[in-house]
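Trainee: Below you'll find the structure I mean.
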Amino acid sequence: MPVRVQTEDFDAGREIAALRAGDARVGAVASFIGIVRDVNDGDRVSDLFLEHYPGMTERELEKICAEARTRWDVYETLVVHRVGAMRPTDQIVLVAVTGTHRGEAFAACEFIMDYLKTRAPFWKREDTPQGSRWVEARTTDDEAAARWVDPQEPPSR
Amino acid sequence: MPVRVQTEDFDAGREIAALRAGDARVGAVASFIGIVRDVNDGDRVSDLFLEHYPGMTERELEKICAEARTRWDVYETLVVHRVGAMRPTDQIVLVAVTGTHRGEAFAACEFIMDYLKTRAPFWKREDTPQGSRWVEARTTDDEAAARWVDPQEPPSR
Amino acid sequence: MRFTVLYLARLREALGRGSEQVELPADSSVATLLDALRARGGSWAAELAAGRAVRVAVNQEMTDPAATLRDGDEVALFPPVTGG
Amino acid sequence: MRFTVLYLARLREALGRGSEQVELPADSSVATLLDALRARGGSWAAELAAGRAVRVAVNQEMTDPAATLRDGDEVALFPPVTGG
């Protein structure tokens, strides 16, 4: 159940290779990388600072991953989330899921990202030409997370 | 519109890094890696051989990727598919999609894999203790591809 | 009873502090704590006003205003999360 | 008219050849070609029987039995694909 919060960058290829190492049952790895964009809400962003709530962050991420492993037939989940100072094009987060079949791996990976976005205590502060500002939560993120609440209800695209 | 068919293995981390290099609009990269499993349909698999139809393969993959870029708001798509001799735990295919937001990147990536599974002319031959056999097409793959046919209809999970 | 209150991200900056010890009568709830903080006026009243989206975690678990607090709890107040 | 027929994967092994030149009357369709091949009997009749899933591409585009063939076409016959 690897969950890591760190200031350092990560090597997605190496992380994925380590996640499935030695497990010949794995036929599918779905993964996601979140990246700092140079434009957000119409303003140019030159720097990003990510704050978190140490302790609670890891607990929440582990709960989200455990829930994903319960809902879908997958083997391993990985979340690596950076905190601290970042710049446009820097990697922020990696989520990877291994499984036998691709459909379950994709669903679990997207679920973890959607829940991470609304439940894990991270906060972004952006530096723009208009000054420094805390990023406001997106209602689209709440909607993305809400579609998983009833597992009978397929997510809309 | 990179599409590659090759006998050599690939480095997923490097491929993804190259795909988004220099594009600071990218906030999301969804990717998928398909891997040779040591068990298929209940039999142990020791070796896999992947045949394809040179020329048509690349055309089909490019059509599928072009369709994905039309349907979803994404920037770049990548397919790297290996052919020839492989063994369990070897990587077979990499699909990666870059975009601004994760939902579109995930959907396009899963779409490409689903269509690749039913439209791109690749064929797997497995060596098992019972001898060599060509892998039969799965009806679940047809179902996975069919769910994208009507874009109004959300895919079921 | 006495417990720790943490202020995170935008709230820490707006309120000018990252943490403090707070004393309240036994069996106070999160809502009681929020009332006590709002009663300080100024940015406290503004940032914790009823219409503002403030999230509360007690001992690192998300909770709601009805939750009862206990001596030694770690209460955290923060804006909606924006990670990933 | 004269064109190339390719047999791929399991079909190539079952039919014992990877490609050949075939001659048919002008304006023949894919269905005409399949009938001509089945008429060879043996594994040809068995592998290309009506119930078997055989896919057809003409000039590297998937097509169906009604498609008309032209001189110089590249026709490929193969089982349902199993890549990825």
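Here, A, B, ... name the chains of the structure tokens in the order displayed, residue numbers run from 1 inside each chain, and ligands are numbered from 1 in the same displayed order.
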Can you list, as a list in words, every protein, DNA or RNA residue that comes within 9 Å of Val22 of chain D when you count only C-alpha atoms, leaving out same-chain residues fewer than 2 positions away?
Mentor: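 Residues meeting the cut-off are Met1, Arg2, Phe3, Thr4, Val5, Glu20, Leu24 and Leu33 of chain D.
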Trainee: May I have the residues of chain A within 7 Å of chain B, counting only C-alpha atoms, written as a PyMOL selection string?
Mentor: chain A and resi 11-13+24-39+88-89+154-157
Trainee: Take the residues that were just selected and, keeping N, CA, C and O atoms, output them as an mmCIF file, in the first residue's frame.
Mentor:
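Below you can see again33.cif, which holds the result:
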```cif
data_model
loop_
_atom_site.group_PDB
_atom_site.id
_atom_site.type_symbol
_atom_site.label_atom_id
_atom_site.label_comp_id
_atom_site.auth_asym_id
_atom_site.auth_seq_id
_atom_site.Cartn_x
_atom_site.Cartn_y
_atom_site.Cartn_z
ATOM 1 N N ASP A 11 10.454 9.563 -10.702
ATOM 2 C CA ASP A 11 10.645 8.969 -12.029
ATOM 3 C C ASP A 11 9.494 7.985 -12.244
ATOM 4 O O ASP A 11 9.499 6.877 -11.698
ATOM 5 N N ALA A 12 8.503 8.399 -13.031
ATOM 6 C CA ALA A 12 7.276 7.604 -13.172
ATOM 7 C C ALA A 12 7.581 6.203 -13.690
ATOM 8 O O ALA A 12 7.011 5.218 -13.212
ATOM 9 N N GLY A 13 8.472 6.096 -14.669
ATOM 10 C CA GLY A 13 8.799 4.788 -15.226
ATOM 11 C C GLY A 13 9.364 3.855 -14.175
ATOM 12 O O GLY A 13 8.991 2.680 -14.082
ATOM 13 N N ALA A 24 3.984 -11.617 -11.844
ATOM 14 C CA ALA A 24 3.697 -12.021 -13.222
ATOM 15 C C ALA A 24 2.208 -12.172 -13.484
ATOM 16 O O ALA A 24 1.800 -12.508 -14.585
ATOM 17 N N ARG A 25 1.371 -11.910 -12.451
ATOM 18 C CA ARG A 25 -0.078 -11.884 -12.666
ATOM 19 C C ARG A 25 -0.508 -10.589 -13.339
ATOM 20 O O ARG A 25 -1.604 -10.493 -13.896
ATOM 21 N N VAL A 26 0.331 -9.550 -13.246
ATOM 22 C CA VAL A 26 -0.060 -8.217 -13.704
ATOM 23 C C VAL A 26 -0.079 -8.153 -15.229
ATOM 24 O O VAL A 26 0.935 -8.407 -15.873
ATOM 25 N N GLY A 27 -1.236 -7.822 -15.792
ATOM 26 C CA GLY A 27 -1.355 -7.643 -17.232
ATOM 27 C C GLY A 27 -1.620 -6.209 -17.625
ATOM 28 O O GLY A 27 -1.595 -5.869 -18.802
ATOM 29 N N ALA A 28 -1.884 -5.360 -16.629
ATOM 30 C CA ALA A 28 -2.307 -3.993 -16.914
ATOM 31 C C ALA A 28 -1.818 -3.040 -15.835
ATOM 32 O O ALA A 28 -1.939 -3.338 -14.646
ATOM 33 N N VAL A 29 -1.253 -1.922 -16.262
ATOM 34 C CA VAL A 29 -0.917 -0.845 -15.324
ATOM 35 C C VAL A 29 -1.521 0.439 -15.867
ATOM 36 O O VAL A 29 -1.155 0.895 -16.957
ATOM 37 N N ALA A 30 -2.470 0.999 -15.128
ATOM 38 C CA ALA A 30 -3.000 2.313 -15.489
ATOM 39 C C ALA A 30 -2.320 3.336 -14.597
ATOM 40 O O ALA A 30 -2.111 3.081 -13.405
ATOM 41 N N SER A 31 -1.960 4.470 -15.174
ATOM 42 C CA SER A 31 -1.306 5.478 -14.345
ATOM 43 C C SER A 31 -1.685 6.871 -14.776
ATOM 44 O O SER A 31 -2.195 7.098 -15.881
ATOM 45 N N PHE A 32 -1.443 7.803 -13.871
ATOM 46 C CA PHE A 32 -1.767 9.201 -14.112
ATOM 47 C C PHE A 32 -0.660 10.059 -13.530
ATOM 48 O O PHE A 32 -0.173 9.782 -12.427
ATOM 49 N N ILE A 33 -0.277 11.088 -14.279
ATOM 50 C CA ILE A 33 0.679 12.079 -13.774
ATOM 51 C C ILE A 33 0.020 13.449 -13.856
ATOM 52 O O ILE A 33 -0.471 13.850 -14.920
ATOM 53 N N GLY A 34 -0.012 14.142 -12.736
ATOM 54 C CA GLY A 34 -0.480 15.526 -12.707
ATOM 55 C C GLY A 34 0.713 16.468 -12.775
ATOM 56 O O GLY A 34 1.762 16.186 -12.177
ATOM 57 N N ILE A 35 0.549 17.549 -13.538
ATOM 58 C CA ILE A 35 1.669 18.418 -13.876
ATOM 59 C C ILE A 35 1.272 19.876 -13.661
ATOM 60 O O ILE A 35 0.117 20.258 -13.901
ATOM 61 N N VAL A 36 2.218 20.714 -13.218
ATOM 62 C CA VAL A 36 1.955 22.149 -13.043
ATOM 63 C C VAL A 36 1.820 22.793 -14.413
ATOM 64 O O VAL A 36 2.726 22.674 -15.246
ATOM 65 N N ARG A 37 0.682 23.464 -14.642
ATOM 66 C CA ARG A 37 0.481 24.184 -15.904
ATOM 67 C C ARG A 37 0.944 25.624 -15.758
ATOM 68 O O ARG A 37 0.966 26.167 -14.659
ATOM 69 N N ASP A 38 1.258 26.249 -16.895
ATOM 70 C CA ASP A 38 1.712 27.635 -16.831
ATOM 71 C C ASP A 38 0.550 28.625 -16.853
ATOM 72 O O ASP A 38 0.758 29.824 -16.689
ATOM 73 N N VAL A 39 -0.671 28.107 -17.069
ATOM 74 C CA VAL A 39 -1.845 28.967 -17.060
ATOM 75 C C VAL A 39 -2.918 28.291 -16.222
ATOM 76 O O VAL A 39 -3.165 27.101 -16.370
ATOM 77 N N PRO A 88 5.956 25.516 -13.448
ATOM 78 C CA PRO A 88 5.257 24.918 -14.597
ATOM 79 C C PRO A 88 6.107 23.833 -15.255
ATOM 80 O O PRO A 88 7.324 23.975 -15.357
ATOM 81 N N THR A 89 5.461 22.790 -15.685
ATOM 82 C CA THR A 89 5.995 21.553 -16.285
ATOM 83 C C THR A 89 6.528 20.572 -15.231
ATOM 84 O O THR A 89 6.888 19.448 -15.585
ATOM 85 N N PRO A 154 -23.066 4.313 -13.479
ATOM 86 C CA PRO A 154 -21.828 4.491 -14.234
ATOM 87 C C PRO A 154 -21.418 5.963 -14.269
ATOM 88 O O PRO A 154 -22.273 6.827 -14.279
ATOM 89 N N PRO A 155 -20.102 6.229 -14.248
ATOM 90 C CA PRO A 155 -19.655 7.614 -14.330
ATOM 91 C C PRO A 155 -19.993 8.199 -15.688
ATOM 92 O O PRO A 155 -19.941 7.498 -16.700
ATOM 93 N N SER A 156 -20.362 9.450 -15.704
ATOM 94 C CA SER A 156 -20.612 10.106 -16.986
ATOM 95 C C SER A 156 -19.313 10.685 -17.496
ATOM 96 O O SER A 156 -18.416 10.991 -16.737
ATOM 97 N N ARG A 157 -19.246 10.826 -18.785
ATOM 98 C CA ARG A 157 -18.013 11.342 -19.384
ATOM 99 C C ARG A 157 -18.248 12.698 -19.984
ATOM 100 O O ARG A 157 -19.228 12.898 -20.656
#
```
Trainee: May I have chain A as a PDB file with C-alpha atoms, in the first residue's frame, after a least-squares superposition on chain B that uses all C-alpha atoms paired in order?
Mentor:
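This went into superposed.pdb:
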```
ATOM      1  CA  MET A   1       0.692  11.743 -33.828  1.00  0.00           C
ATOM      2  CA  PRO A   2       3.357   9.254 -32.738  1.00  0.00           C
ATOM      3  CA  VAL A   3       2.551   5.607 -33.371  1.00  0.00           C
ATOM      4  CA  ARG A   4       5.339   3.043 -33.298  1.00  0.00           C
ATOM      5  CA  VAL A   5       5.477  -0.714 -33.823  1.00  0.00           C
ATOM      6  CA  GLN A   6       8.767  -2.217 -32.744  1.00  0.00           C
ATOM      7  CA  THR A   7      10.431  -5.378 -31.457  1.00  0.00           C
ATOM      8  CA  GLU A   8      12.440  -3.514 -28.791  1.00  0.00           C
ATOM      9  CA  ASP A   9      11.216  -2.828 -25.274  1.00  0.00           C
ATOM     10  CA  PHE A  10      10.334   0.750 -24.284  1.00  0.00           C
ATOM     11  CA  ASP A  11      10.946   3.025 -21.285  1.00  0.00           C
ATOM     12  CA  ALA A  12       7.492   4.305 -20.311  1.00  0.00           C
ATOM     13  CA  GLY A  13       8.841   7.156 -18.184  1.00  0.00           C
ATOM     14  CA  ARG A  14      11.035   8.437 -20.990  1.00  0.00           C
ATOM     15  CA  GLU A  15       8.256   8.097 -23.584  1.00  0.00           C
ATOM     16  CA  ILE A  16       5.836  10.090 -21.420  1.00  0.00           C
ATOM     17  CA  ALA A  17       8.449  12.755 -20.701  1.00  0.00           C
ATOM     18  CA  ALA A  18       9.130  13.145 -24.436  1.00  0.00           C
ATOM     19  CA  LEU A  19       5.417  13.284 -25.257  1.00  0.00           C
ATOM     20  CA  ARG A  20       4.790  16.325 -23.039  1.00  0.00           C
ATOM     21  CA  ALA A  21       8.230  17.959 -23.409  1.00  0.00           C
ATOM     22  CA  GLY A  22       8.018  21.697 -23.927  1.00  0.00           C
ATOM     23  CA  ASP A  23       4.228  21.885 -23.623  1.00  0.00           C
ATOM     24  CA  ALA A  24       3.430  23.835 -20.440  1.00  0.00           C
ATOM     25  CA  ARG A  25      -0.307  23.606 -21.182  1.00  0.00           C
ATOM     26  CA  VAL A  26      -0.251  19.939 -20.145  1.00  0.00           C
ATOM     27  CA  GLY A  27      -1.704  19.329 -16.685  1.00  0.00           C
ATOM     28  CA  ALA A  28      -2.549  15.658 -17.050  1.00  0.00           C
ATOM     29  CA  VAL A  29      -1.005  12.547 -18.569  1.00  0.00           C
ATOM     30  CA  ALA A  30      -3.015   9.338 -18.507  1.00  0.00           C
ATOM     31  CA  SER A  31      -1.188   6.217 -19.566  1.00  0.00           C
ATOM     32  CA  PHE A  32      -1.544   2.484 -19.820  1.00  0.00           C
ATOM     33  CA  ILE A  33       0.985  -0.332 -20.037  1.00  0.00           C
ATOM     34  CA  GLY A  34      -0.034  -3.805 -21.160  1.00  0.00           C
ATOM     35  CA  ILE A  35       2.126  -6.645 -19.885  1.00  0.00           C
ATOM     36  CA  VAL A  36       2.545 -10.367 -20.703  1.00  0.00           C
ATOM     37  CA  ARG A  37       0.982 -12.441 -17.919  1.00  0.00           C
ATOM     38  CA  ASP A  38       2.250 -15.862 -16.931  1.00  0.00           C
ATOM     39  CA  VAL A  39      -1.280 -17.281 -16.879  1.00  0.00           C
ATOM     40  CA  ASN A  40      -3.969 -16.882 -19.534  1.00  0.00           C
ATOM     41  CA  ASP A  41      -7.286 -18.744 -19.634  1.00  0.00           C
ATOM     42  CA  GLY A  42      -6.013 -20.956 -16.834  1.00  0.00           C
ATOM     43  CA  ASP A  43      -2.821 -22.137 -18.562  1.00  0.00           C
ATOM     44  CA  ARG A  44       0.726 -21.150 -17.719  1.00  0.00           C
ATOM     45  CA  VAL A  45       2.312 -19.162 -20.502  1.00  0.00           C
ATOM     46  CA  SER A  46       6.068 -19.342 -20.975  1.00  0.00           C
ATOM     47  CA  ASP A  47       6.444 -17.380 -24.213  1.00  0.00           C
ATOM     48  CA  LEU A  48       4.388 -15.095 -26.370  1.00  0.00           C
ATOM     49  CA  PHE A  49       4.792 -14.236 -30.023  1.00  0.00           C
ATOM     50  CA  LEU A  50       3.068 -11.176 -31.439  1.00  0.00           C
ATOM     51  CA  GLU A  51       2.437 -11.025 -35.169  1.00  0.00           C
ATOM     52  CA  HIS A  52       1.048  -7.991 -36.968  1.00  0.00           C
ATOM     53  CA  TYR A  53       0.142  -6.741 -40.448  1.00  0.00           C
ATOM     54  CA  PRO A  54       2.820  -4.170 -41.264  1.00  0.00           C
ATOM     55  CA  GLY A  55       1.424  -1.040 -42.854  1.00  0.00           C
ATOM     56  CA  MET A  56      -2.175  -1.657 -41.868  1.00  0.00           C
ATOM     57  CA  THR A  57      -1.212  -1.727 -38.189  1.00  0.00           C
ATOM     58  CA  GLU A  58       0.242   1.774 -38.253  1.00  0.00           C
ATOM     59  CA  ARG A  59      -2.692   3.093 -40.289  1.00  0.00           C
ATOM     60  CA  GLU A  60      -5.248   1.650 -37.873  1.00  0.00           C
ATOM     61  CA  LEU A  61      -3.394   2.944 -34.809  1.00  0.00           C
ATOM     62  CA  GLU A  62      -3.161   6.409 -36.337  1.00  0.00           C
ATOM     63  CA  LYS A  63      -6.867   6.382 -37.161  1.00  0.00           C
ATOM     64  CA  ILE A  64      -7.746   5.362 -33.601  1.00  0.00           C
ATOM     65  CA  CYS A  65      -5.542   8.107 -32.135  1.00  0.00           C
ATOM     66  CA  ALA A  66      -6.953  10.726 -34.516  1.00  0.00           C
ATOM     67  CA  GLU A  67     -10.463   9.710 -33.475  1.00  0.00           C
ATOM     68  CA  ALA A  68      -9.512  10.060 -29.793  1.00  0.00           C
ATOM     69  CA  ARG A  69      -8.105  13.546 -30.388  1.00  0.00           C
ATOM     70  CA  THR A  70     -11.349  14.498 -32.129  1.00  0.00           C
ATOM     71  CA  ARG A  71     -13.620  13.177 -29.394  1.00  0.00           C
ATOM     72  CA  TRP A  72     -11.758  14.573 -26.383  1.00  0.00           C
ATOM     73  CA  ASP A  73      -9.974  17.799 -25.583  1.00  0.00           C
ATOM     74  CA  VAL A  74      -6.463  16.354 -25.462  1.00  0.00           C
ATOM     75  CA  TYR A  75      -3.136  17.382 -26.994  1.00  0.00           C
ATOM     76  CA  GLU A  76      -0.889  14.451 -27.814  1.00  0.00           C
ATOM     77  CA  THR A  77      -1.389  10.713 -28.061  1.00  0.00           C
ATOM     78  CA  LEU A  78       1.239   8.000 -28.125  1.00  0.00           C
ATOM     79  CA  VAL A  79       1.039   4.309 -28.936  1.00  0.00           C
ATOM     80  CA  VAL A  80       4.107   2.082 -28.767  1.00  0.00           C
ATOM     81  CA  HIS A  81       3.286  -1.562 -29.528  1.00  0.00           C
ATOM     82  CA  ARG A  82       5.813  -4.366 -29.535  1.00  0.00           C
ATOM     83  CA  VAL A  83       5.807  -7.340 -31.904  1.00  0.00           C
ATOM     84  CA  GLY A  84       7.847 -10.540 -31.999  1.00  0.00           C
ATOM     85  CA  ALA A  85       8.927 -12.758 -29.126  1.00  0.00           C
ATOM     86  CA  MET A  86       8.098 -11.802 -25.531  1.00  0.00           C
ATOM     87  CA  ARG A  87       7.970 -13.455 -22.117  1.00  0.00           C
ATOM     88  CA  PRO A  88       5.833 -13.056 -18.987  1.00  0.00           C
ATOM     89  CA  THR A  89       6.403  -9.675 -17.265  1.00  0.00           C
ATOM     90  CA  ASP A  90       7.542  -8.112 -20.574  1.00  0.00           C
ATOM     91  CA  GLN A  91       5.813  -4.916 -21.629  1.00  0.00           C
ATOM     92  CA  ILE A  92       3.636  -5.232 -24.769  1.00  0.00           C
ATOM     93  CA  VAL A  93       2.036  -1.857 -25.304  1.00  0.00           C
ATOM     94  CA  LEU A  94       2.133   1.709 -24.036  1.00  0.00           C
ATOM     95  CA  VAL A  95      -0.637   4.241 -24.600  1.00  0.00           C
ATOM     96  CA  ALA A  96      -0.257   7.779 -23.259  1.00  0.00           C
ATOM     97  CA  VAL A  97      -2.403  10.890 -23.667  1.00  0.00           C
ATOM     98  CA  THR A  98      -1.660  14.473 -22.605  1.00  0.00           C
ATOM     99  CA  GLY A  99      -4.285  17.103 -21.883  1.00  0.00           C
ATOM    100  CA  THR A 100      -5.226  19.964 -19.634  1.00  0.00           C
ATOM    101  CA  HIS A 101      -7.629  18.008 -17.442  1.00  0.00           C
ATOM    102  CA  ARG A 102      -7.542  14.434 -16.193  1.00  0.00           C
ATOM    103  CA  GLY A 103     -11.047  13.325 -17.167  1.00  0.00           C
ATOM    104  CA  GLU A 104     -10.475  13.871 -20.878  1.00  0.00           C
ATOM    105  CA  ALA A 105      -7.004  12.317 -20.770  1.00  0.00           C
ATOM    106  CA  PHE A 106      -8.289   9.194 -18.969  1.00  0.00           C
ATOM    107  CA  ALA A 107     -11.194   8.766 -21.382  1.00  0.00           C
ATOM    108  CA  ALA A 108      -9.057   9.177 -24.489  1.00  0.00           C
ATOM    109  CA  CYS A 109      -6.445   6.737 -23.168  1.00  0.00           C
ATOM    110  CA  GLU A 110      -9.013   4.063 -22.322  1.00  0.00           C
ATOM    111  CA  PHE A 111     -10.748   4.588 -25.691  1.00  0.00           C
ATOM    112  CA  ILE A 112      -7.494   4.058 -27.583  1.00  0.00           C
ATOM    113  CA  MET A 113      -6.784   0.820 -25.681  1.00  0.00           C
ATOM    114  CA  ASP A 114     -10.319  -0.498 -26.211  1.00  0.00           C
ATOM    115  CA  TYR A 115     -10.231   0.230 -29.936  1.00  0.00           C
ATOM    116  CA  LEU A 116      -6.684  -1.055 -30.335  1.00  0.00           C
ATOM    117  CA  LYS A 117      -7.815  -4.362 -28.804  1.00  0.00           C
ATOM    118  CA  THR A 118     -10.522  -4.880 -31.425  1.00  0.00           C
ATOM    119  CA  ARG A 119      -9.249  -3.042 -34.532  1.00  0.00           C
ATOM    120  CA  ALA A 120      -5.468  -3.048 -34.744  1.00  0.00           C
ATOM    121  CA  PRO A 121      -4.173  -6.121 -36.617  1.00  0.00           C
ATOM    122  CA  PHE A 122      -2.072  -7.829 -33.966  1.00  0.00           C
ATOM    123  CA  TRP A 123      -2.289 -11.516 -33.099  1.00  0.00           C
ATOM    124  CA  LYS A 124      -0.876 -13.281 -30.049  1.00  0.00           C
ATOM    125  CA  ARG A 125       0.459 -16.834 -30.090  1.00  0.00           C
ATOM    126  CA  GLU A 126       1.172 -18.406 -26.709  1.00  0.00           C
ATOM    127  CA  ASP A 127       3.459 -21.278 -25.797  1.00  0.00           C
ATOM    128  CA  THR A 128       1.985 -23.306 -22.921  1.00  0.00           C
ATOM    129  CA  PRO A 129       2.711 -26.775 -21.500  1.00  0.00           C
ATOM    130  CA  GLN A 130      -0.151 -27.940 -23.773  1.00  0.00           C
ATOM    131  CA  GLY A 131       1.652 -26.585 -26.825  1.00  0.00           C
ATOM    132  CA  SER A 132       1.527 -23.486 -28.978  1.00  0.00           C
ATOM    133  CA  ARG A 133      -1.820 -21.788 -29.598  1.00  0.00           C
ATOM    134  CA  TRP A 134      -3.207 -18.619 -31.121  1.00  0.00           C
ATOM    135  CA  VAL A 135      -5.075 -16.532 -28.579  1.00  0.00           C
ATOM    136  CA  GLU A 136      -8.806 -16.299 -29.269  1.00  0.00           C
ATOM    137  CA  ALA A 137     -10.438 -12.875 -29.402  1.00  0.00           C
ATOM    138  CA  ARG A 138     -12.386 -11.952 -26.274  1.00  0.00           C
ATOM    139  CA  THR A 139     -16.005 -10.915 -26.413  1.00  0.00           C
ATOM    140  CA  THR A 140     -15.265  -8.644 -23.421  1.00  0.00           C
ATOM    141  CA  ASP A 141     -12.964  -6.668 -25.710  1.00  0.00           C
ATOM    142  CA  ASP A 142     -15.771  -6.215 -28.241  1.00  0.00           C
ATOM    143  CA  GLU A 143     -18.030  -5.051 -25.424  1.00  0.00           C
ATOM    144  CA  ALA A 144     -15.396  -2.630 -24.130  1.00  0.00           C
ATOM    145  CA  ALA A 145     -15.031  -1.095 -27.594  1.00  0.00           C
ATOM    146  CA  ALA A 146     -18.793  -1.034 -28.222  1.00  0.00           C
ATOM    147  CA  ARG A 147     -19.484   1.218 -25.228  1.00  0.00           C
ATOM    148  CA  TRP A 148     -17.746   4.124 -27.012  1.00  0.00           C
ATOM    149  CA  VAL A 149     -19.878   3.876 -30.139  1.00  0.00           C
ATOM    150  CA  ASP A 150     -22.559   6.246 -28.910  1.00  0.00           C
ATOM    151  CA  PRO A 151     -20.785   9.173 -27.269  1.00  0.00           C
ATOM    152  CA  GLN A 152     -24.039  10.108 -25.497  1.00  0.00           C
ATOM    153  CA  GLU A 153     -24.029   6.794 -23.702  1.00  0.00           C
ATOM    154  CA  PRO A 154     -21.697   6.698 -20.694  1.00  0.00           C
ATOM    155  CA  PRO A 155     -19.455   3.629 -20.491  1.00  0.00           C
ATOM    156  CA  SER A 156     -20.481   1.111 -17.885  1.00  0.00           C
ATOM    157  CA  ARG A 157     -17.975  -0.063 -15.361  1.00  0.00           C
TER     158      ARG A 157
END
```
Trainee: When you get a sec, could you note down which chain C residues fall within 12 Å of chain A, using only C-alpha atoms, as a PyMOL selection string?
Mentor: chain C and resi 6-14+18+53-63+74-84
Trainee: Assign secondary structure with DSSP using the backbone only, and return the residues of segment 41-144 of chain A in strand (DSSP E) as number ranges by chain.
Mentor: A: 43-44, 47-52, 74-82, 84-86, 91-99, 122-128, 131-134
Trainee: Those residues with C-alpha atoms, as a PDB file, in the first residue's frame please?
Mentor:
```
ATOM      1  CA  ASP A  43      -3.587  33.784 -15.461  1.00  0.00           C
ATOM      2  CA  ARG A  44       0.021  32.884 -16.127  1.00  0.00           C
ATOM      3  CA  ASP A  47       5.501  29.256  -9.352  1.00  0.00           C
ATOM      4  CA  LEU A  48       3.397  26.921  -7.297  1.00  0.00           C
ATOM      5  CA  PHE A  49       3.641  26.072  -3.627  1.00  0.00           C
ATOM      6  CA  LEU A  50       1.925  22.970  -2.295  1.00  0.00           C
ATOM      7  CA  GLU A  51       1.113  22.804   1.399  1.00  0.00           C
ATOM      8  CA  HIS A  52      -0.287  19.736   3.130  1.00  0.00           C
ATOM      9  CA  VAL A  74      -6.616  -4.786  -8.705  1.00  0.00           C
ATOM     10  CA  TYR A  75      -3.344  -5.732  -7.009  1.00  0.00           C
ATOM     11  CA  GLU A  76      -1.213  -2.746  -6.082  1.00  0.00           C
ATOM     12  CA  THR A  77      -1.817   0.978  -5.864  1.00  0.00           C
ATOM     13  CA  LEU A  78       0.737   3.755  -5.673  1.00  0.00           C
ATOM     14  CA  VAL A  79       0.405   7.440  -4.877  1.00  0.00           C
ATOM     15  CA  VAL A  80       3.422   9.743  -4.897  1.00  0.00           C
ATOM     16  CA  HIS A  81       2.475  13.365  -4.182  1.00  0.00           C
ATOM     17  CA  ARG A  82       4.929  16.231  -4.052  1.00  0.00           C
ATOM     18  CA  GLY A  84       6.684  22.453  -1.498  1.00  0.00           C
ATOM     19  CA  ALA A  85       7.851  24.697  -4.316  1.00  0.00           C
ATOM     20  CA  MET A  86       7.225  23.721  -7.947  1.00  0.00           C
ATOM     21  CA  GLN A  91       5.307  16.780 -11.950  1.00  0.00           C
ATOM     22  CA  ILE A  92       2.970  17.043  -8.922  1.00  0.00           C
ATOM     23  CA  VAL A  93       1.429  13.629  -8.463  1.00  0.00           C
ATOM     24  CA  LEU A  94       1.677  10.067  -9.720  1.00  0.00           C
ATOM     25  CA  VAL A  95      -1.055   7.467  -9.292  1.00  0.00           C
ATOM     26  CA  ALA A  96      -0.521   3.939 -10.608  1.00  0.00           C
ATOM     27  CA  VAL A  97      -2.607   0.777 -10.303  1.00  0.00           C
ATOM     28  CA  THR A  98      -1.724  -2.788 -11.323  1.00  0.00           C
ATOM     29  CA  GLY A  99      -4.244  -5.481 -12.171  1.00  0.00           C
ATOM     30  CA  PHE A 122      -3.249  19.497  -0.022  1.00  0.00           C
ATOM     31  CA  TRP A 123      -3.515  23.178  -0.903  1.00  0.00           C
ATOM     32  CA  LYS A 124      -1.996  24.977  -3.882  1.00  0.00           C
ATOM     33  CA  ARG A 125      -0.752  28.562  -3.779  1.00  0.00           C
ATOM     34  CA  GLU A 126       0.088  30.151  -7.122  1.00  0.00           C
ATOM     35  CA  ASP A 127       2.346  33.080  -7.923  1.00  0.00           C
ATOM     36  CA  THR A 128       0.967  35.071 -10.871  1.00  0.00           C
ATOM     37  CA  GLY A 131       0.360  38.340  -6.991  1.00  0.00           C
ATOM     38  CA  SER A 132       0.205  35.238  -4.844  1.00  0.00           C
ATOM     39  CA  ARG A 133      -3.126  33.458  -4.388  1.00  0.00           C
ATOM     40  CA  TRP A 134      -4.508  30.256  -2.933  1.00  0.00           C
TER      41      TRP A 134
END
```
Trainee: Identify all residues of segment 36-72 of chain C in helix (DSSP H, G or I) (DSSP on the backbone) and supply them as a PyMOL selection string.
Mentor: chain C and resi 36-38+42-47
Trainee: Extract, using only C-alpha atoms, all DNA, RNA and protein residues at most 7 Å from Thr68 of chain C, discarding same-chain residues fewer than 5 positions from it, and format them as a PyMOL selection string.
Mentor: chain C and resi 27-30
Trainee: Atom CA of Ala50 of chain D and atom CA of Arg38 of chain D, how far apart in Å?
Mentor: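 Value for the atom CA of Arg38 of chain D-atom CA of Ala50 of chain D distance: 9.7 Å.
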Trainee: By how many Å are atom CA of Pro65 of chain D and atom CA of Glu47 of chain D apart?
Mentor: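 Atom-to-atom, atom CA of Pro65 of chain D and atom CA of Glu47 of chain D are spaced 15.8 Å apart.
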